[in-house]
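To be precise, the following lines are final28.txt, and they hold compact mmCIF, C-alpha atoms.
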# COMPACT_ATOMS: atom_id res chain seq x y z
CA MET A 183 38.39 12.83 21.49
CA THR A 184 35.61 11.20 19.44
CA ASP A 185 34.32 13.10 16.44
CA MET A 186 30.59 13.36 17.15
CA THR A 187 29.89 14.36 13.55
CA THR A 188 30.91 10.92 12.29
CA GLU A 189 28.13 8.39 12.69
CA GLN A 190 28.75 4.68 12.34
CA LEU A 191 27.08 3.17 9.30
CA LEU A 192 25.60 -0.31 9.21
CA ASP A 193 25.05 -2.45 6.14
CA VAL A 194 21.36 -3.27 6.01
CA THR A 195 19.88 -5.78 3.56
CA VAL A 196 16.13 -5.88 3.14
CA ASN A 197 14.08 -7.85 0.64
CA VAL A 198 12.11 -5.01 -0.97
CA ASN A 199 9.48 -5.87 -3.57
CA GLY A 200 11.10 -9.25 -4.09
CA VAL A 201 14.64 -7.95 -4.54
CA PRO A 202 17.39 -7.93 -1.86
CA ARG A 203 18.46 -4.31 -1.42
CA THR A 204 21.48 -3.23 0.62
CA ALA A 205 22.55 0.20 1.85
CA SER A 206 24.90 1.55 4.50
CA VAL A 207 22.83 3.58 6.95
CA PRO A 208 22.99 4.94 10.49
CA ALA A 209 21.39 2.73 13.14
CA ARG A 210 18.72 5.39 13.67
CA ARG A 211 17.62 5.51 10.00
CA LEU A 212 13.87 5.00 9.77
CA LEU A 213 12.53 2.44 7.34
CA SER A 214 10.58 5.20 5.57
CA ASP A 215 13.78 7.19 5.00
CA PHE A 216 15.67 4.05 3.99
CA LEU A 217 13.07 3.36 1.30
CA ARG A 218 12.75 6.93 0.08
CA HIS A 219 16.30 8.27 0.31
CA ASP A 220 18.58 5.24 0.20
CA LEU A 221 16.58 3.09 -2.23
CA GLN A 222 14.82 5.94 -4.13
CA LEU A 223 11.41 4.27 -3.68
CA THR A 224 9.49 7.50 -3.21
CA GLY A 225 6.04 5.93 -3.48
CA THR A 226 6.09 5.56 0.29
CA HIS A 227 4.99 8.95 1.60
CA VAL A 228 5.78 10.49 4.98
CA GLY A 229 3.10 12.58 6.61
CA CYS A 230 2.81 12.98 10.37
CA GLU A 231 6.01 11.06 11.26
CA HIS A 232 4.21 9.80 14.38
CA GLY A 233 2.48 6.70 13.01
CA VAL A 234 -0.95 8.37 13.00
CA CYS A 235 -1.78 9.28 9.39
CA GLY A 236 -0.91 5.98 7.70
CA ALA A 237 0.64 7.58 4.60
CA CYS A 238 3.90 5.68 5.15
CA THR A 239 2.27 2.24 5.46
CA VAL A 240 4.15 -0.61 3.79
CA LEU A 241 3.80 -4.36 4.11
CA VAL A 242 6.39 -6.13 6.25
CA ASP A 243 6.08 -9.87 5.77
CA GLY A 244 2.60 -9.16 4.44
CA LYS A 245 1.44 -7.10 7.42
CA PRO A 246 0.66 -3.35 7.26
CA THR A 247 3.41 -1.48 9.09
CA ARG A 248 4.05 2.21 9.71
CA SER A 249 7.47 2.64 8.16
CA CYS A 250 8.03 5.93 10.01
CA LEU A 251 7.99 4.02 13.30
CA MET A 252 10.36 1.22 12.30
CA PHE A 253 14.13 1.38 12.03
CA ALA A 254 15.64 0.10 8.82
CA VAL A 255 17.99 -2.19 10.77
CA THR A 256 14.99 -4.01 12.28
CA ALA A 257 13.75 -4.80 8.76
CA GLN A 258 16.93 -6.78 8.08
CA ASP A 259 16.05 -10.13 6.46
CA HIS A 260 12.34 -9.27 6.31
CA ARG A 261 10.14 -8.91 3.22
CA VAL A 262 8.98 -5.36 2.59
CA THR A 263 6.41 -4.50 -0.06
CA THR A 264 5.92 -0.86 -1.01
CA VAL A 265 3.26 0.57 -3.30
CA GLU A 266 5.73 0.13 -6.19
CA GLY A 267 5.69 -3.61 -5.56
CA LEU A 268 1.92 -4.13 -5.65
CA SER A 269 1.93 -4.69 -9.41
CA ASP A 270 4.11 -4.55 -12.51
CA ALA A 271 1.64 -2.54 -14.57
CA PRO A 272 2.98 0.88 -15.63
CA ASP A 273 -0.43 2.57 -15.40
CA ALA A 274 -4.18 1.98 -15.48
CA ARG A 275 -4.36 0.92 -19.12
CA PRO A 276 -4.60 -2.78 -20.08
CA CYS A 277 -1.15 -4.07 -21.02
CA ALA A 278 -0.59 -6.25 -24.06
CA THR A 279 2.11 -8.08 -22.11
CA GLY A 280 -0.39 -9.15 -19.46
CA GLU A 281 0.61 -6.98 -16.51
CA ARG A 282 -2.21 -5.46 -14.56
CA MET A 283 -2.77 -3.42 -11.46
CA ASN A 284 -3.57 -5.22 -8.27
CA PRO A 285 -7.26 -5.21 -7.25
CA ALA A 286 -6.93 -2.28 -4.83
CA GLN A 287 -5.16 -0.14 -7.43
CA GLN A 288 -7.74 -0.92 -10.11
CA ALA A 289 -10.61 -0.24 -7.71
CA PHE A 290 -9.22 3.12 -6.57
CA ALA A 291 -8.87 4.13 -10.23
CA GLU A 292 -12.40 2.99 -11.13
CA CYS A 293 -14.12 4.45 -8.08
CA HIS A 294 -12.19 7.73 -7.89
CA GLY A 295 -10.88 6.80 -4.45
CA LEU A 296 -8.20 9.48 -4.51
CA GLN A 297 -7.78 13.18 -5.14
CA CYS A 298 -4.37 14.64 -4.30
CA GLY A 299 -2.99 11.09 -3.96
CA PHE A 300 -0.65 11.76 -1.04
CA CYS A 301 -2.37 9.26 1.25
CA THR A 302 -3.11 6.75 -1.51
CA PRO A 303 -0.01 4.52 -1.22
CA GLY A 304 -0.81 3.88 2.44
CA PHE A 305 -4.42 3.07 1.62
CA LEU A 306 -3.42 0.70 -1.19
CA THR A 307 -1.02 -1.32 0.95
CA THR A 308 -3.49 -1.38 3.86
CA VAL A 309 -6.40 -2.50 1.69
CA THR A 310 -4.33 -5.13 -0.13
CA ALA A 311 -3.34 -6.77 3.16
CA TYR A 312 -6.85 -6.42 4.59
CA LEU A 313 -8.47 -8.22 1.67
CA ASP A 314 -6.03 -11.10 2.11
CA GLU A 315 -7.59 -11.61 5.55
CA ASN A 316 -11.18 -10.62 4.75
CA PRO A 317 -11.91 -11.04 1.02
CA THR A 318 -15.64 -10.24 1.30
CA PRO A 319 -16.05 -7.26 3.65
CA THR A 320 -19.29 -5.48 4.38
CA GLN A 321 -19.48 -1.74 4.01
CA ASP A 322 -19.04 -1.28 7.77
CA GLU A 323 -16.04 -3.64 7.77
CA ALA A 324 -14.50 -1.76 4.85
CA ARG A 325 -14.90 1.52 6.72
CA GLU A 326 -13.30 0.01 9.81
CA ALA A 327 -10.41 -1.38 7.73
CA ILE A 328 -9.39 2.09 6.54
CA SER A 329 -10.02 3.87 9.85
CA GLY A 330 -6.30 4.03 10.62
CA ASN A 331 -5.48 5.95 7.43
CA LEU A 332 -6.20 9.66 7.14
CA CYS A 333 -7.35 11.45 4.00
CA ARG A 334 -7.94 15.20 3.84
CA CYS A 335 -9.53 15.28 0.37
CA THR A 336 -12.11 12.63 -0.39
CA GLY A 337 -14.46 12.38 2.57
CA TYR A 338 -13.80 8.60 2.47
CA GLN A 339 -17.00 7.64 0.64
CA ASN A 340 -15.22 6.67 -2.57
CA ILE A 341 -12.44 5.00 -0.62
CA VAL A 342 -15.00 2.72 1.04
CA LYS A 343 -16.47 2.02 -2.39
CA SER A 344 -12.96 1.22 -3.61
CA VAL A 345 -12.45 -1.37 -0.86
CA LEU A 346 -15.71 -3.09 -1.80
CA ARG A 347 -14.88 -2.91 -5.50
CA ALA A 348 -11.41 -4.34 -4.87
CA ALA A 349 -13.06 -7.31 -3.16
CA GLU A 350 -15.24 -7.80 -6.27
CA ILE A 351 -12.22 -7.64 -8.56
CA ARG A 352 -10.40 -10.25 -6.47
CA THR A 353 -13.41 -12.55 -6.78
CA GLU A 354 -13.64 -11.96 -10.53
CA ARG A 355 -9.97 -12.79 -10.99
CA LEU A 356 -10.26 -15.87 -8.82
CA GLY A 357 -12.86 -17.12 -11.29
CA GLU A 358 -10.69 -16.21 -14.28
CA ASP A 359 -7.33 -17.43 -13.09
CA GLY A 360 -8.11 -20.09 -10.53
CA ASP A 361 -5.93 -18.23 -8.03
CA GLU A 362 -5.58 -14.72 -6.65
CA ALA A 363 -1.90 -14.28 -7.49
CA GLY A 364 -2.37 -13.23 -11.11
CA TYR A 365 -2.86 -9.47 -11.14
CA ALA A 366 -3.66 -9.09 -14.82
CA ALA A 367 -6.48 -6.56 -14.99
CA THR A 368 -9.52 -6.71 -17.17
CA PRO A 369 -11.94 -3.79 -17.48
CA ALA A 370 -14.66 -3.96 -14.87
CA THR A 371 -17.89 -2.14 -14.09
CA ARG A 372 -17.38 0.74 -11.68
CA HIS A 373 -18.61 0.08 -8.17
CA THR A 374 -21.35 2.60 -7.46
CA SER A 375 -22.75 1.66 -4.05
CA SER A 376 -23.59 4.38 -1.56
CA SER A 377 -24.01 4.47 2.18
CA ALA A 378 -27.68 5.24 1.68
CA ASN A 379 -28.47 1.87 0.13
CA GLY A 380 -26.58 -0.23 2.66
CA GLY A 381 -23.78 -1.16 0.31
CA GLU A 382 -25.90 -2.56 -2.50
CA ARG A 383 -23.71 -3.02 -5.55
CA ALA A 384 -24.66 -1.76 -8.98

Hey, can you dump this file as structure tokens for me?
Amino acid sequence: MTDMTTEQLLDVTVNVNGVPRTASVPARRLLSDFLRHDLQLTGTHVGCEHGVCGACTVLVDGKPTRSCLMFAVTAQDHRVTTVEGLSDAPDARPCATGERMNPAQQAFAECHGLQCGFCTPGFLTTVTAYLDENPTPTQDEAREAISGNLCRCTGYQNIVKSVLRAAEIRTERLGEDGDEAGYAATPATRHTSSSANGGERA
């Protein structure tokens, strides 16, 4: 008689934040649980567990993906980027060694685009991927870009400002570095647009 309490484990190897990571997991292990429990990357948050809230969003081969809806085994041999992999900077302060937050992280810090922070990792990964496709969004486009992520604290106004500010930061860095890959932050003026002025930037 088969012991139903013993579940077969599979070796899964996923390139996470540029590093191949392997763990033995059940076939039904969700990618979100694989990241949080097996790899100890707890920046990926789990909210609704139904793919609605967006808190668990990570980038799979550069595309925003709800990690609570994806099995870890299906991520085999794919590139996964979590919020921990968006930059090497330890915090918001300028680093003497040159590390800096990515544009979305810097913009959320400048524009106060977070309160409790639970939803923030999902917003950061979503916005980072979005700006790769649309580097100069309008205010309406920015609002549409974040429409799949839920926030219970901010009212979204400062998150929209953060998206627009992140686009500015990307442009500033393009001028500094000649490419968008260098995420070495320099202090920037806070984005202070409001919905009342049609997205005019201070």

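Distance annotation: of A:Thr336, A:Arg211, A:Pro319, A:Leu306, the residue with the minimal separation from Thr256 (chain A) is A:Arg211; atom set is only C-alpha atoms.
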
Counting all atoms listed in the file, the option among A:Gly244, A:Gly357, A:Gly267, A:Pro303 closest to Gly225 (chain A):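 Closest to Gly225 (chain A) of all the choices is A:Pro303.
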
Pick from A:Met252, A:Ala237, A:Ala286, A:Asp193 nearest to Ala311 (chain A), counting only C-alpha atoms: A:Ala286

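Of the residues listed (A:Arg352, A:His294, A:Arg347, A:Arg261), A:Arg261 shows the shortest atom-to-atom separation from Pro202 (chain A); distances use all atoms listed in the file.
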
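All protein, DNA and RNA residues at most 8 Å from (-7.4, 14.5, -5.5) are Leu296, Gln297, Cys298, Gly299, Cys335 and Thr336 of chain A, using all atoms listed in the file.
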
Point-to-point distance from CA of Glu231 (chain A) to CA of Leu251 (chain A), Å rounded to tenths: 7.6 Å

Top pick for closest residue to Leu192 (chain A), considering A:Leu223, A:Val207, A:Val242, A:Leu332 and counting only C-alpha atoms: A:Val207

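Of the listed residues A:Cys250, A:Val255, A:Val240, A:Cys293, the one whose atoms come nearest to Thr204 (chain A) is A:Val255, with distances taken using only C-alpha atoms.
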
Quick one: residues within 12 Å of Ala324 (chain A), only C-alpha atoms, excluding same-chain residues fewer than 5 positions away - as a compact mmCIF listing (two decimals) with C-alpha atoms, in the coordinates of the input?
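The resulting file, out-v5.txt, is shown below:
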# COMPACT_ATOMS: atom_id res chain seq x y z
CA PHE A 305 -4.42 3.07 1.62
CA THR A 308 -3.49 -1.38 3.86
CA VAL A 309 -6.40 -2.50 1.69
CA THR A 310 -4.33 -5.13 -0.13
CA TYR A 312 -6.85 -6.42 4.59
CA LEU A 313 -8.47 -8.22 1.67
CA ASN A 316 -11.18 -10.62 4.75
CA PRO A 317 -11.91 -11.04 1.02
CA THR A 318 -15.64 -10.24 1.30
CA PRO A 319 -16.05 -7.26 3.65
CA SER A 329 -10.02 3.87 9.85
CA GLY A 330 -6.30 4.03 10.62
CA TYR A 338 -13.80 8.60 2.47
CA GLN A 339 -17.00 7.64 0.64
CA ASN A 340 -15.22 6.67 -2.57
CA ILE A 341 -12.44 5.00 -0.62
CA VAL A 342 -15.00 2.72 1.04
CA LYS A 343 -16.47 2.02 -2.39
CA SER A 344 -12.96 1.22 -3.61
CA VAL A 345 -12.45 -1.37 -0.86
CA LEU A 346 -15.71 -3.09 -1.80
CA ARG A 347 -14.88 -2.91 -5.50
CA ALA A 348 -11.41 -4.34 -4.87
CA ALA A 349 -13.06 -7.31 -3.16
CA SER A 377 -24.01 4.47 2.18
CA GLY A 381 -23.78 -1.16 0.31

Pairwise distance for CA of His219 (chain A) and CA of Asn197 (chain A), rounded to one decimal in Å: 16.3 Å

Shell of 7 Å around Ala271 (chain A), only C-alpha atoms, local chain residues under 5 positions omitted, as a count of residues only: 3

Atomic distance CA of Gly200 (chain A) - CA of Val265 (chain A), expressed in Å with one decimal: 12.6 Å

Expected residue set, 6 Å radius at (5.3, -6.2, 0.4), all atoms listed in the file, as a PyMOL selection string: chain A and resi 199+241-242+244+262-264
